[in-house]
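**Q** Got a file for you: my_file16.cif, mmCIF, C-alpha atoms.
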```cif
data_coords
#
loop_
_atom_site.label_atom_id
_atom_site.label_comp_id
_atom_site.auth_asym_id
_atom_site.auth_seq_id
_atom_site.Cartn_x
_atom_site.Cartn_y
_atom_site.Cartn_z
CA MET A 106 -66.63 130.70 16.72
CA LYS A 107 -70.32 129.88 16.46
CA VAL A 108 -72.47 133.01 16.49
CA ILE A 109 -75.86 133.43 18.14
CA ARG A 110 -78.44 134.55 15.59
CA ILE A 111 -81.65 136.11 16.86
CA LEU A 112 -84.92 136.78 15.01
CA ILE A 113 -87.43 138.85 17.00
CA LEU A 114 -90.85 139.32 15.39
CA GLY A 115 -90.28 141.91 12.67
CA SER A 116 -86.71 142.71 13.56
CA PHE A 117 -83.36 141.01 13.73
CA ILE A 118 -80.05 141.81 15.35
CA LEU A 119 -76.77 141.70 13.48
CA TYR A 120 -73.68 141.27 15.61
CA CYS A 121 -70.17 142.53 15.28
CA PHE A 122 -68.79 139.60 17.26
CA SER A 123 -65.51 138.33 18.61
CA THR A 124 -63.33 135.69 17.09
CA VAL A 125 -60.54 133.88 18.89
CA ALA A 126 -56.98 134.18 17.65
CA PHE A 127 -54.67 131.29 18.50
CA GLY A 128 -51.00 131.60 19.32
CA SER A 129 -48.61 128.73 18.72
CA THR A 130 -49.57 127.08 22.01
CA ASN A 131 -51.85 129.43 23.94
CA THR A 132 -55.09 131.24 23.27
CA VAL A 133 -54.54 134.95 22.71
CA ALA A 134 -56.97 137.82 23.45
CA PRO A 135 -60.09 137.88 21.26
CA ALA A 136 -60.05 139.69 17.97
CA ALA A 137 -63.10 141.36 16.47
CA GLY A 138 -65.70 140.41 13.94
CA MET A 139 -69.28 140.37 12.84
CA ALA A 140 -72.28 138.12 12.27
CA ALA A 141 -75.70 138.00 10.63
CA PRO A 142 -78.88 135.94 10.35
CA ALA A 143 -78.42 132.39 9.15
CA ARG A 144 -81.50 132.33 6.87
CA SER A 145 -80.40 133.17 3.35
CA ASP A 146 -83.89 134.43 2.45
CA LEU A 147 -83.25 137.43 4.70
CA GLN A 148 -80.68 138.54 2.13
CA ARG A 149 -83.58 139.88 0.09
CA LEU A 150 -84.46 142.47 2.74
CA ARG A 151 -83.93 145.98 1.38
CA TRP A 152 -85.21 149.53 1.70
CA LYS A 153 -88.17 150.33 -0.54
CA SER A 154 -86.73 153.73 -1.41
CA LYS A 155 -83.16 154.11 -2.60
CA THR A 156 -82.90 157.22 -0.42
CA VAL A 157 -82.21 156.25 3.19
CA LYS A 158 -82.02 158.79 6.01
CA ILE A 159 -79.59 158.05 8.85
CA ALA A 160 -79.47 159.98 12.13
CA ILE A 161 -76.05 160.52 13.70
CA SER A 162 -76.38 160.62 17.48
CA SER A 163 -74.74 163.47 19.37
CA SER A 164 -72.91 160.74 21.31
CA LEU A 165 -70.70 160.40 18.21
CA THR A 166 -70.26 164.10 17.46
CA ARG A 167 -69.10 165.03 20.94
CA THR A 168 -66.01 163.81 22.80
CA SER A 169 -66.45 160.20 23.90
CA SER A 170 -64.38 158.13 26.31
CA ASN A 171 -64.82 155.19 23.92
CA ILE A 172 -63.23 156.91 20.94
CA LYS A 173 -59.57 157.89 20.97
CA TYR A 174 -59.00 161.63 21.27
CA ASP A 175 -58.31 163.36 17.92
CA SER A 176 -59.88 160.51 15.94
CA ASP A 177 -61.40 161.58 12.64
CA VAL A 178 -64.95 160.59 13.53
CA ALA A 179 -66.64 162.82 10.95
CA GLY A 180 -64.32 161.54 8.23
CA ALA A 181 -64.93 157.91 9.23
CA ILE A 182 -68.69 158.41 9.04
CA ARG A 183 -68.48 160.23 5.70
CA ARG A 184 -66.16 157.67 4.08
CA SER A 185 -68.10 154.66 5.35
CA LEU A 186 -71.30 156.03 3.80
CA LYS A 187 -69.55 156.94 0.54
CA ALA A 188 -68.18 153.40 0.19
CA TRP A 189 -71.73 152.13 -0.34
CA THR A 190 -73.19 155.07 -2.29
CA SER A 191 -70.27 154.86 -4.74
CA ALA A 192 -70.88 151.15 -5.28
CA ALA A 193 -74.65 151.07 -5.80
CA ASN A 194 -77.67 153.14 -6.71
CA VAL A 195 -78.49 154.13 -3.14
CA ASP A 196 -78.45 157.56 -1.51
CA LEU A 197 -77.57 157.71 2.20
CA GLN A 198 -78.52 161.06 3.71
CA ILE A 199 -77.38 162.00 7.21
CA GLU A 200 -78.97 164.25 9.79
CA PHE A 201 -77.98 164.91 13.37
CA SER A 202 -80.00 163.91 16.40
CA ASP A 203 -79.98 164.13 20.18
CA LYS A 204 -81.45 160.62 20.26
CA GLN A 205 -79.11 158.28 22.12
CA SER A 206 -80.61 154.80 22.29
CA VAL A 207 -81.41 151.83 20.10
CA SER A 208 -85.11 151.18 19.51
CA LEU A 209 -86.48 148.41 21.70
CA GLY A 210 -86.96 145.05 20.02
CA GLY A 211 -90.35 144.15 18.63
CA ALA A 212 -92.37 144.43 15.46
CA ALA A 213 -91.54 148.11 14.91
CA GLY A 214 -89.12 150.75 16.09
CA ASP A 215 -89.47 154.52 16.36
CA GLY A 216 -88.87 155.15 12.66
CA ILE A 217 -85.44 156.76 13.16
CA SER A 218 -82.39 154.89 11.85
CA LEU A 219 -79.70 155.81 14.36
CA ILE A 220 -75.94 155.41 14.71
CA THR A 221 -74.94 155.77 18.38
CA ILE A 222 -72.27 154.94 20.95
CA ALA A 223 -74.07 156.39 23.98
CA GLN A 224 -73.78 154.65 27.35
CA SER A 225 -77.54 154.81 27.79
CA PRO A 226 -79.40 152.12 29.78
CA GLU A 227 -80.96 150.75 26.57
CA ASN A 228 -77.62 150.49 24.81
CA VAL A 229 -75.88 148.96 27.81
CA LEU A 230 -78.66 146.39 28.08
CA PHE A 231 -78.28 145.71 24.35
CA PHE A 232 -74.74 144.42 25.10
CA SER A 233 -75.50 142.84 28.48
CA LYS A 234 -74.57 139.31 27.36
CA ASP A 235 -71.55 140.12 25.20
CA ALA A 236 -70.04 143.41 26.37
CA GLU A 237 -66.50 142.02 26.16
CA SER A 238 -66.82 140.13 22.90
CA VAL A 239 -68.58 142.31 20.32
CA SER A 240 -67.79 145.72 18.87
CA ALA A 241 -71.17 146.67 17.39
CA LYS A 242 -74.71 145.47 16.71
CA THR A 243 -77.32 146.47 14.19
CA ARG A 244 -81.04 145.97 14.87
CA VAL A 245 -83.08 145.90 11.66
CA PHE A 246 -86.87 146.30 11.46
CA PHE A 247 -88.79 145.17 8.38
CA ASN A 248 -92.37 144.71 7.22
CA ARG A 249 -94.19 141.71 5.77
CA LYS A 250 -93.24 142.72 2.23
CA GLY A 251 -89.54 142.41 3.07
CA PHE A 252 -88.81 146.13 3.11
CA ILE A 253 -86.60 147.56 5.84
CA THR A 254 -88.36 150.27 7.85
CA GLU A 255 -85.62 151.13 10.34
CA ALA A 256 -82.09 150.04 11.25
CA ASP A 257 -80.15 151.12 14.37
CA ILE A 258 -76.38 150.74 14.63
CA VAL A 259 -74.97 150.69 18.16
CA LEU A 260 -71.22 150.80 18.72
CA ASN A 261 -70.35 148.89 21.88
CA PRO A 262 -70.03 151.47 24.69
CA PHE A 263 -67.73 149.05 26.54
CA GLN A 264 -65.14 148.95 23.74
CA GLN A 265 -62.51 151.35 22.40
CA PHE A 266 -62.36 152.73 18.84
CA SER A 267 -59.86 154.76 16.83
CA THR A 268 -59.23 155.92 13.27
CA ASP A 269 -55.42 155.75 13.22
CA GLY A 270 -54.76 152.04 13.82
CA THR A 271 -54.04 152.34 17.55
CA PHE A 272 -53.15 148.95 19.01
CA GLY A 273 -55.96 147.13 20.77
CA THR A 274 -58.79 149.30 19.41
CA PHE A 275 -61.45 148.58 16.82
CA ASP A 276 -61.11 150.59 13.64
CA LEU A 277 -64.08 152.95 13.63
CA GLU A 278 -64.33 153.29 9.84
CA SER A 279 -64.14 149.54 9.23
CA THR A 280 -66.81 148.88 11.86
CA LEU A 281 -69.14 151.54 10.47
CA THR A 282 -68.67 150.38 6.88
CA HIS A 283 -69.59 146.83 7.86
CA GLU A 284 -72.59 147.84 9.94
CA ILE A 285 -73.94 150.16 7.23
CA GLY A 286 -73.87 147.11 4.96
CA HIS A 287 -76.20 145.43 7.48
CA LEU A 288 -78.33 148.57 7.67
CA LEU A 289 -78.82 148.30 3.90
CA GLY A 290 -79.92 144.67 4.14
CA LEU A 291 -76.76 142.63 3.61
CA HIS A 292 -76.04 139.64 5.80
CA HIS A 293 -72.61 138.14 6.27
CA SER A 294 -70.35 137.13 3.47
CA GLY A 295 -68.43 133.86 3.42
CA VAL A 296 -65.55 135.66 1.69
CA LEU A 297 -63.08 135.84 4.57
CA SER A 298 -61.34 139.06 3.52
CA SER A 299 -64.46 141.00 2.54
CA THR A 300 -65.89 143.96 4.44
CA MET A 301 -69.02 141.91 5.15
CA SER A 302 -67.07 138.92 6.46
CA GLU A 303 -68.20 137.55 9.80
CA SER A 304 -64.89 138.52 11.41
CA PHE A 305 -62.12 141.05 11.31
CA ALA A 306 -59.34 141.85 13.72
CA LYS A 307 -58.69 144.47 16.32
CA ASN A 308 -55.76 146.69 15.45
CA GLY A 309 -52.49 144.96 16.21
CA THR A 310 -53.77 141.39 16.04
CA MET A 311 -51.10 139.27 14.33
CA GLY A 312 -48.75 142.24 14.66
CA VAL A 313 -50.45 144.44 12.05
CA ALA A 314 -53.15 147.10 11.83
CA ASP A 315 -55.29 145.80 8.99
CA LEU A 316 -57.58 148.57 7.70
CA SER A 317 -58.64 146.69 4.56
CA PRO A 318 -62.31 146.25 5.70
CA ARG A 319 -62.74 149.97 5.01
CA THR A 320 -62.64 149.13 1.29
CA LEU A 321 -65.47 147.09 -0.19
CA SER A 322 -64.48 143.83 -1.84
CA GLU A 323 -65.78 142.84 -5.27
CA SER A 324 -68.17 140.42 -3.56
CA ASP A 325 -69.50 143.21 -1.30
CA ILE A 326 -70.07 145.39 -4.36
CA ALA A 327 -71.86 142.60 -6.23
CA ALA A 328 -74.10 141.94 -3.22
CA ILE A 329 -75.19 145.56 -2.79
CA ARG A 330 -75.78 145.97 -6.53
CA GLU A 331 -77.95 142.88 -6.47
CA LEU A 332 -80.22 144.74 -4.01
CA TYR A 333 -80.13 148.29 -5.36
CA GLY A 334 -78.59 148.20 -8.83
CA SER A 335 -75.39 149.82 -10.01
CA PRO A 336 -74.60 153.53 -10.33
CA ASP A 337 -76.16 154.88 -13.52
CA GLU A 338 -72.87 155.53 -15.28
CA LEU A 339 -71.78 151.87 -15.27
CA GLU A 340 -72.41 150.17 -18.60
CA ASN A 341 -70.77 146.79 -17.94
CA CYS A 342 -73.06 145.80 -15.08
CA CYS A 343 -74.84 143.73 -14.06
CA GLY A 344 -75.21 140.06 -14.93
CA VAL A 345 -76.60 137.13 -12.95
CA ILE A 346 -75.58 133.49 -12.50
CA SER A 347 -78.34 131.41 -10.95
CA GLY A 348 -79.08 127.73 -10.66
CA LYS A 349 -79.92 124.80 -8.45
CA LEU A 350 -77.70 122.30 -6.67
CA SER A 351 -79.01 118.84 -5.87
CA THR A 352 -77.52 115.56 -4.74
CA ALA A 353 -77.38 112.37 -6.81
CA ALA A 354 -80.40 111.21 -4.80
CA GLY A 355 -82.34 114.27 -5.92
CA LYS A 356 -82.28 116.08 -2.56
CA PRO A 357 -81.71 119.86 -2.61
CA GLY A 358 -78.24 121.10 -1.75
CA LYS A 359 -79.39 123.59 0.89
CA GLY A 360 -77.23 125.88 2.98
CA LEU A 361 -74.16 125.61 0.73
CA GLN A 362 -71.76 128.41 -0.10
CA VAL A 363 -71.49 129.24 -3.80
CA TRP A 364 -68.98 131.72 -5.17
CA ALA A 365 -67.72 133.02 -8.50
CA GLU A 366 -64.08 133.77 -9.30
CA GLU A 367 -62.77 135.70 -12.26
CA THR A 368 -61.40 132.86 -14.40
CA VAL A 369 -58.23 134.59 -15.60
CA SER A 370 -57.14 136.22 -12.32
CA GLY A 371 -58.74 134.01 -9.66
CA ARG A 372 -60.25 137.01 -7.86
CA VAL A 373 -63.43 136.28 -5.89
CA MET A 374 -66.17 138.40 -7.44
CA ALA A 375 -69.42 137.28 -5.77
CA GLN A 376 -70.73 134.75 -3.27
CA THR A 377 -74.04 133.60 -1.87
CA GLU A 378 -75.72 130.75 -0.02
CA THR A 379 -78.17 128.22 -1.45
CA PHE A 380 -81.79 128.37 -0.31
CA VAL A 381 -83.64 125.46 1.28
CA ASP A 382 -84.60 124.20 -2.19
CA GLY A 383 -80.97 124.24 -3.37
CA THR A 384 -81.34 127.29 -5.60
CA PHE A 385 -78.80 130.12 -5.65
CA ARG A 386 -78.36 133.50 -7.30
CA LEU A 387 -75.12 135.43 -7.85
CA GLY A 388 -76.17 138.92 -8.96
CA GLY A 389 -74.43 142.24 -9.48
CA LEU A 390 -71.69 140.69 -11.66
CA PRO A 391 -69.74 142.81 -14.14
CA VAL A 392 -69.06 141.55 -17.65
CA GLY A 393 -66.54 138.71 -17.55
CA GLU A 394 -65.61 135.03 -17.54
CA TYR A 395 -66.28 133.24 -14.26
CA SER A 396 -65.43 129.95 -12.57
CA VAL A 397 -68.16 128.95 -10.11
CA TYR A 398 -67.48 126.83 -7.00
CA TRP A 399 -69.41 125.39 -4.05
CA ARG A 400 -68.56 124.21 -0.54
CA SER A 401 -70.26 123.36 2.72
CA ASN A 402 -71.22 126.43 4.73
CA ASP A 403 -70.70 124.65 8.07
CA LEU A 404 -67.31 125.54 9.52
CA PHE A 405 -67.38 122.50 11.77
CA VAL A 406 -68.02 119.85 9.11
CA ALA A 407 -65.16 118.61 6.93
CA SER A 408 -66.58 118.89 3.42
CA VAL A 409 -65.21 118.98 -0.08
CA SER A 410 -65.07 121.99 -2.37
CA SER A 411 -65.67 121.57 -6.05
CA GLU A 412 -65.93 123.61 -9.23
CA LEU A 413 -69.40 123.76 -10.78
CA GLY A 414 -68.40 125.13 -14.17
CA ASN A 415 -67.38 128.16 -16.22
CA VAL A 416 -69.80 130.91 -17.24
CA SER A 417 -69.45 133.94 -19.53
CA ILE A 418 -71.53 137.00 -18.57
CA GLU A 419 -72.48 140.03 -20.67
CA ALA A 420 -74.13 143.20 -19.35
CA GLY A 421 -77.68 142.49 -18.20
CA GLU A 422 -77.36 138.80 -19.03
CA SER A 423 -78.60 135.90 -16.88
CA LYS A 424 -77.05 132.44 -17.05
CA VAL A 425 -78.32 129.24 -15.43
CA LEU A 426 -76.04 126.61 -13.91
CA ASN A 427 -77.84 123.52 -12.54
CA GLU A 428 -75.60 120.76 -11.19
CA LYS A 429 -75.60 117.47 -9.29
CA ILE A 430 -73.15 117.48 -6.39
CA SER A 431 -71.67 114.92 -4.03
CA LEU A 432 -71.94 115.87 -0.35
CA ARG A 433 -69.14 113.56 0.73
CA SER A 434 -66.87 114.36 3.64
CA SER A 435 -63.34 115.65 3.25
CA ASP A 436 -60.33 114.08 4.92
CA VAL A 437 -59.36 117.48 6.38
CA LEU A 438 -61.14 120.38 8.04
CA ILE A 439 -59.66 123.86 7.59
CA ASN A 440 -61.21 127.01 9.01
CA TYR A 441 -58.35 129.18 10.33
CA LEU A 442 -55.37 131.00 8.90
CA GLY A 443 -52.95 133.66 10.01
CA LEU A 444 -49.55 135.34 10.17
CA ASN A 445 -46.79 135.57 12.76
CA GLY A 446 -47.53 132.27 14.48
CA GLN A 447 -51.22 132.99 15.10
CA LEU A 448 -54.49 131.67 13.66
CA ALA A 449 -57.93 133.25 13.42
CA ASP A 450 -61.13 132.92 11.39
CA TYR A 451 -60.74 135.97 9.15
CA GLY A 452 -58.67 136.78 6.08
CA ILE A 453 -55.17 138.20 5.92
CA SER A 454 -53.89 141.17 3.89
CA LEU A 455 -50.71 140.84 1.82
CA LYS A 456 -48.78 143.17 -0.48
CA ARG A 457 -47.61 142.68 -4.05
CA ALA A 458 -44.10 141.46 -4.90
CA ARG A 459 -43.48 139.98 -1.46
CA ALA A 460 -43.28 136.56 0.19
CA TYR A 461 -44.93 135.61 3.48
CA VAL A 462 -44.97 132.69 5.88
CA VAL A 463 -48.65 131.87 6.45
CA SER A 464 -50.33 129.20 8.57
CA ILE A 465 -53.63 127.41 8.06
CA GLY A 466 -55.35 125.54 10.87
CA GLY A 467 -58.07 123.02 11.55
CA LYS A 468 -58.29 119.29 12.17
CA ASP A 469 -56.67 116.24 10.60
CA LEU A 470 -53.83 118.23 9.06
CA ALA A 471 -51.12 115.73 9.97
CA SER A 472 -50.96 114.11 6.54
CA GLU A 473 -47.72 114.62 4.65
CA THR A 474 -49.65 114.33 1.37
CA LEU A 475 -51.48 117.64 1.82
CA LYS A 476 -51.07 119.97 -1.14
CA LEU A 477 -51.95 123.66 -1.26
CA ARG A 478 -52.88 125.77 -4.24
CA SER A 479 -54.47 129.03 -5.29
CA SER A 480 -56.72 129.39 -8.32
CA SER A 481 -54.77 132.53 -9.21
CA PRO A 482 -51.68 132.28 -11.45
CA TYR A 483 -50.31 135.27 -9.53
CA ILE A 484 -50.11 133.50 -6.15
CA LYS A 485 -47.77 130.60 -5.48
CA LEU A 486 -48.08 128.44 -2.35
CA VAL A 487 -45.24 126.22 -1.11
CA ARG A 488 -45.54 124.03 1.99
CA LEU A 489 -42.62 124.57 4.36
CA SER A 490 -42.89 121.59 6.70
CA PRO A 491 -44.40 118.11 6.37
CA THR A 492 -45.39 118.11 10.04
CA SER A 493 -48.27 119.96 11.68
CA GLN A 494 -48.08 122.10 14.81
CA GLU A 495 -50.61 122.32 17.64
CA PHE A 496 -51.82 125.91 18.04
CA SER A 497 -54.52 125.27 20.62
CA GLU A 498 -56.30 122.23 22.01
CA GLY A 499 -57.57 120.25 19.05
CA ILE A 500 -56.44 122.90 16.53
CA TYR A 501 -53.47 122.00 14.35
CA GLY A 502 -51.79 124.00 11.66
CA ILE A 503 -49.23 123.81 8.88
CA SER A 504 -47.04 126.59 7.55
CA PHE A 505 -46.42 127.52 3.94
CA MET A 506 -44.81 130.23 1.85
CA VAL A 507 -47.04 132.61 -0.11
CA MET A 508 -45.29 134.37 -3.00
CA VAL A 509 -47.26 137.27 -4.46
CA ASP A 510 -46.62 138.35 -8.05
CA PRO A 511 -46.06 142.10 -8.58
CA GLU A 512 -48.66 142.12 -11.40
CA ILE A 513 -51.55 140.77 -9.31
CA GLU A 514 -54.74 142.86 -9.07
CA ALA A 515 -56.05 144.05 -5.73
CA GLY A 516 -58.79 141.78 -4.44
CA GLN A 517 -59.59 138.58 -2.57
CA TYR A 518 -58.18 135.16 -3.46
CA SER A 519 -58.97 131.66 -2.20
CA ILE A 520 -56.77 128.91 -0.79
CA PHE A 521 -57.43 125.25 -1.63
CA VAL A 522 -56.08 122.27 0.33
CA ASN A 523 -56.03 118.87 -1.37
CA ASP A 524 -55.48 115.51 0.31
CA ASN A 525 -55.58 112.49 -1.98
CA GLY A 526 -58.12 114.11 -4.30
CA SER A 527 -60.34 115.51 -1.53
CA GLU A 528 -60.23 119.32 -1.66
CA SER A 529 -61.28 121.90 0.95
CA SER A 530 -61.10 125.67 0.69
CA LEU A 531 -60.85 129.02 2.45
CA VAL A 532 -62.84 131.42 0.25
CA GLY A 533 -61.25 134.81 -0.32
CA ALA A 534 -58.78 134.16 2.50
CA ILE A 535 -56.02 136.32 1.00
CA ASN A 536 -56.61 140.03 0.48
CA ILE A 537 -54.17 141.78 -1.84
CA GLU A 538 -53.97 145.45 -0.96
#
```
Could you express the structure from this file as structure tokens?

**A**
Amino acid sequence: MKVIRILILGSFILYCFSTVAFGSTNTVAPAAGMAAPARSDLQRLRWKSKTVKIAISSSLTRTSSNIKYDSDVAGAIRRSLKAWTSAANVDLQIEFSDKQSVSLGGAAGDGISLITIAQSPENVLFFSKDAESVSAKTRVFFNRKGFITEADIVLNPFQQFSTDGTFGTFDLESTLTHEIGHLLGLHHSGVLSSTMSESFAKNGTMGVADLSPRTLSESDIAAIRELYGSPDELENCCGVISGKLSTAAGKPGKGLQVWAEETVSGRVMAQTETFVDGTFRLGGLPVGEYSVYWRSNDLFVASVSSELGNVSIEAGESKVLNEKISLRSSDVLINYLGLNGQLADYGISLKRARAYVVSIGGKDLASETLKLRSSSPYIKLVRLSPTSQEFSEGIYGISFMVMVDPEIEAGQYSIFVNDNGSESSLVGAINIE
């Protein structure tokens, strides 16, 4: 689903937005998800100090009709903050406040970074256009030097939250963890199973309560370390892969997704987007051997994926990878996947030593020559049927078996679809718990 991105003077709004899940023939109730500014240069926004004070509104500390009774609200807040402070050299300090409302949009806020769920007029107005389709929003204020000065997280007062996986609710800890990533300056990740992915599901979507967004992916960790550095005790971090992509005609390859996978395992370790001049930077990488890939960042354009090359990184090392690319169209467009006869635009979580029937969806998937693969030797994909199935109007899917090796590492893994040499991909679509 296309997301509205808004830039208002010195502030921007980051959405936790809805994504549609498709049943085998009918559209099912919306799932949940998130969005961020489209401009990749906003990724460089960060706090000047590595100590950030966050005010917890009393609307969260007292009983709320929007949060299931007996939910572990304090624990969800504490764990969501710890996820980021454990990953990077940043100190998130909380205080408690009677303040209820998001700062009004404009060049500056009130200087208090707030987390709230209050049904105040300002917060209700904040969700006036999307009360039924988003779970949270973050409004970030920044100065001309690119430093964040304030960030307010507002949980949608029209939605329901829980901490125990209750069907039909948003997971409070997952939502907070994602929004705190925005508060720290991260925009969305193109890794579908990452915490900072544009979308994740309400509890019970596809028949499961997926709480994996509570745990940061390797790409989330790399992104936050790129902004704030790694915890002091880590000696094997952090390296950088940078470069420039250009077409054969010499034009910059702008707005493309670039990601790095651990060569041996196939785990997605970092991802970014190319700037308007075609340059990219993958920072926060631990020591290792990496395979670097690129693809179009437009979900509605059928485009090829391709490997750029292999890079070895040592601690503190920077490597450059400049390449010419071909921006030709693919014969197929894939942008959905799912379990239990449903499709959506977020990743799926699987367990080790098990086999699953998974579907991928998009357009032009009728070809019997389609082949599926994973870059991981620990994941085997086998197509089950040569024919495609219509999930919703204009959306077709094919089913395949995913067999997960018991020795696979936890992390995110990509799916590649090849049709007569033209390959498309779903980056980090499979999350191994």

**Q** Do you know which residues the PyMOL selection byres ((chain A and resi 531) around 7) returns on this file, as a VMD selection string?

**A** chain A and resid 440 519 to 521 530 532 to 534

**Q** What is the atom CA of A:Asn171 to atom CA of A:Thr320 distance in Å?

**A** 23.5 Å

**Q** I'd like the residues picked by the PyMOL selection byres ((chain A and resi 205) around 10) written out as a list in words, using the chain letters and numbers from the file.

**A**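 Checking the PyMOL selection byres ((chain A and resi 205) around 10) against this file, the residues are Ile161, Ser162, Ser163, Ser164, Leu165, Ser202, Asp203, Lys204, Ser206, Val207, Ser208, Leu219, Ile220, Thr221, Ile222, Ala223, Gln224, Ser225, Pro226, Glu227, Asn228 and Val259 of chain A.
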
**Q** Quick one: of A:Phe266, A:Thr271, A:Asp177, A:Ile329, who's nearest to A:Arg151, counting only C-alpha atoms?

**A**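 Nearest candidate to A:Arg151 out of A:Phe266, A:Thr271, A:Asp177, A:Ile329: A:Ile329.
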
**Q** Given the PyMOL selection byres ((chain A and resi 365) around 7) and the file above, list the residues it selects as a list of chain:residue names.

**A**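 Expected selection for the PyMOL selection byres ((chain A and resi 365) around 7) here is A:Trp364, A:Glu366, A:Glu367, A:Val373, A:Met374, A:Ala375, A:Gln376, A:Tyr395, A:Ser396, A:Val397, A:Tyr398.
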
**Q** Could you check the closest approach to A:Ile285 for each of A:Met506, A:Leu186, A:Ile535, A:Leu448 and tell me which residue wins, using all atoms listed in the file?

**A** A:Leu186

**Q** Check the smallest atom-to-atom distance from each of A:Gly358, A:Cys342, A:Gly312, A:Ser185 to A:His283 using all atoms listed in the file, then report the winner.

**A** A:Ser185

**Q** Quick one: residues within 6 Å of A:Thr384, only C-alpha atoms, excluding same-chain residues fewer than 3 positions away - as a list of chain:residue names?

**A**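 The neighbour list is A:Gly348, A:Lys349, A:Thr379, A:Phe380.
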
**Q** To one decimal place, how far is atom CA of A:Cys343 from atom CA of A:Lys187 in Å?

**A**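 Spanning atom CA of A:Cys343 to atom CA of A:Lys187 is a straight-line distance of 20.4 Å.
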
**Q** Have a look at A:Asp196, A:Asp269, A:Asp524, A:Glu284 and name the one nearest to A:Gly334; count all atoms listed in the file.

**A** A:Asp196

**Q** Take atom CA of A:Ala181 and atom CA of A:Gly270 and report the distance between them in Å, one decimal.

**A**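 Answer for the atom CA of A:Ala181 to atom CA of A:Gly270 separation: 12.6 Å.
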
**Q** Counting only C-alpha atoms, which of A:Phe232, A:Trp152, A:Phe247, A:Tyr518 gets nearest to A:Leu332?

**A**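 Looking at the shortest contact to A:Leu332, the residue is A:Trp152.
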
**Q** Have a look at A:Leu361, A:Leu390, A:Leu475, A:Ala179 and name the one nearest to A:Glu323; count only C-alpha atoms.

**A**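 Checking each of A:Leu361, A:Leu390, A:Leu475, A:Ala179 against A:Glu323, counting only C-alpha atoms, the winner is A:Leu390.
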
**Q** With only C-alpha atoms as the counted atoms, please give the residues lying no more than 10 Å from A:Arg184, apart from itself and same-chain residues fewer than 4 positions off, as a CSV table (one decimal) with C-alpha atoms, in the frame of the given file.

**A**
```csv
chain,number,residue,atom,x,y,z
A,178,VAL,CA,-65.0,160.6,13.5
A,179,ALA,CA,-66.6,162.8,11.0
A,180,GLY,CA,-64.3,161.5,8.2
A,188,ALA,CA,-68.2,153.4,0.2
A,189,TRP,CA,-71.7,152.1,-0.3
A,190,THR,CA,-73.2,155.1,-2.3
A,278,GLU,CA,-64.3,153.3,9.8
A,279,SER,CA,-64.1,149.5,9.2
A,281,LEU,CA,-69.1,151.5,10.5
A,282,THR,CA,-68.7,150.4,6.9
A,319,ARG,CA,-62.7,150.0,5.0
A,320,THR,CA,-62.6,149.1,1.3
```

**Q** For A:Glu528, work out the shell of residues within 6 Å, counting only C-alpha atoms and skipping chain neighbours fewer than 5 positions away, then give it as number ranges by chain.

**A** A: 409-410, 522-523

**Q** Pick out the residues sitting within 9 Å of stretch 411-416 of chain A, and hand them over as an MDAnalysis selection string; count only C-alpha atoms, and ignore anything fewer than 5 positions along from it in its own chain.

**A** chainID A and resid 346 368 393:400 424:430 528:529

**Q** Find the residues near A:Ala192: any atom within 7 Å, counting all atoms listed in the file, skip ones fewer than 4 places away on the same chain, and give them as a list of chain:residue names.

**A**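 Result of the neighbour search: A:Ala188, A:Ile326, A:Ser335, A:Pro336.
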
**Q** Could you tell me, as a PDB file with C-alpha atoms, in the frame of the given file, which residues have any atom at most 7 Å from (-50.0, 122.8, -4.0), counting all atoms listed in the file?

**A**
```pdb
ATOM      1  CA  LYS A 476     -51.070 119.970  -1.140  1.00  0.00           C
ATOM      2  CA  LEU A 477     -51.950 123.660  -1.260  1.00  0.00           C
ATOM      3  CA  ARG A 478     -52.880 125.770  -4.240  1.00  0.00           C
ATOM      4  CA  LEU A 486     -48.080 128.440  -2.350  1.00  0.00           C
ATOM      5  CA  VAL A 487     -45.240 126.220  -1.110  1.00  0.00           C
TER       6      VAL A 487
END
```

**Q** Please complete stretch 217-222 of chain A with N, CA and C atoms and give it back as a PDB file, keeping the file's coordinate frame.

**A**
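Final output, saved to selection_38.pdb:
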```
ATOM      1  N   ILE A 217     -86.695 156.029  13.341  1.00  0.00           N
ATOM      2  CA  ILE A 217     -85.440 156.760  13.160  1.00  0.00           C
ATOM      3  C   ILE A 217     -84.292 155.755  13.094  1.00  0.00           C
ATOM      4  N   SER A 218     -83.562 155.761  11.994  1.00  0.00           N
ATOM      5  CA  SER A 218     -82.390 154.890  11.850  1.00  0.00           C
ATOM      6  C   SER A 218     -81.190 155.615  12.437  1.00  0.00           C
ATOM      7  N   LEU A 219     -80.674 155.103  13.535  1.00  0.00           N
ATOM      8  CA  LEU A 219     -79.700 155.810  14.360  1.00  0.00           C
ATOM      9  C   LEU A 219     -78.350 155.116  14.371  1.00  0.00           C
ATOM     10  N   ILE A 220     -77.275 155.916  14.407  1.00  0.00           N
ATOM     11  CA  ILE A 220     -75.940 155.410  14.710  1.00  0.00           C
ATOM     12  C   ILE A 220     -75.519 156.054  16.027  1.00  0.00           C
ATOM     13  N   THR A 221     -75.215 155.246  17.043  1.00  0.00           N
ATOM     14  CA  THR A 221     -74.940 155.770  18.380  1.00  0.00           C
ATOM     15  C   THR A 221     -73.862 154.974  19.082  1.00  0.00           C
ATOM     16  N   ILE A 222     -73.217 155.617  20.062  1.00  0.00           N
ATOM     17  CA  ILE A 222     -72.270 154.940  20.950  1.00  0.00           C
ATOM     18  C   ILE A 222     -72.558 155.322  22.397  1.00  0.00           C
TER      19      ILE A 222
END
```
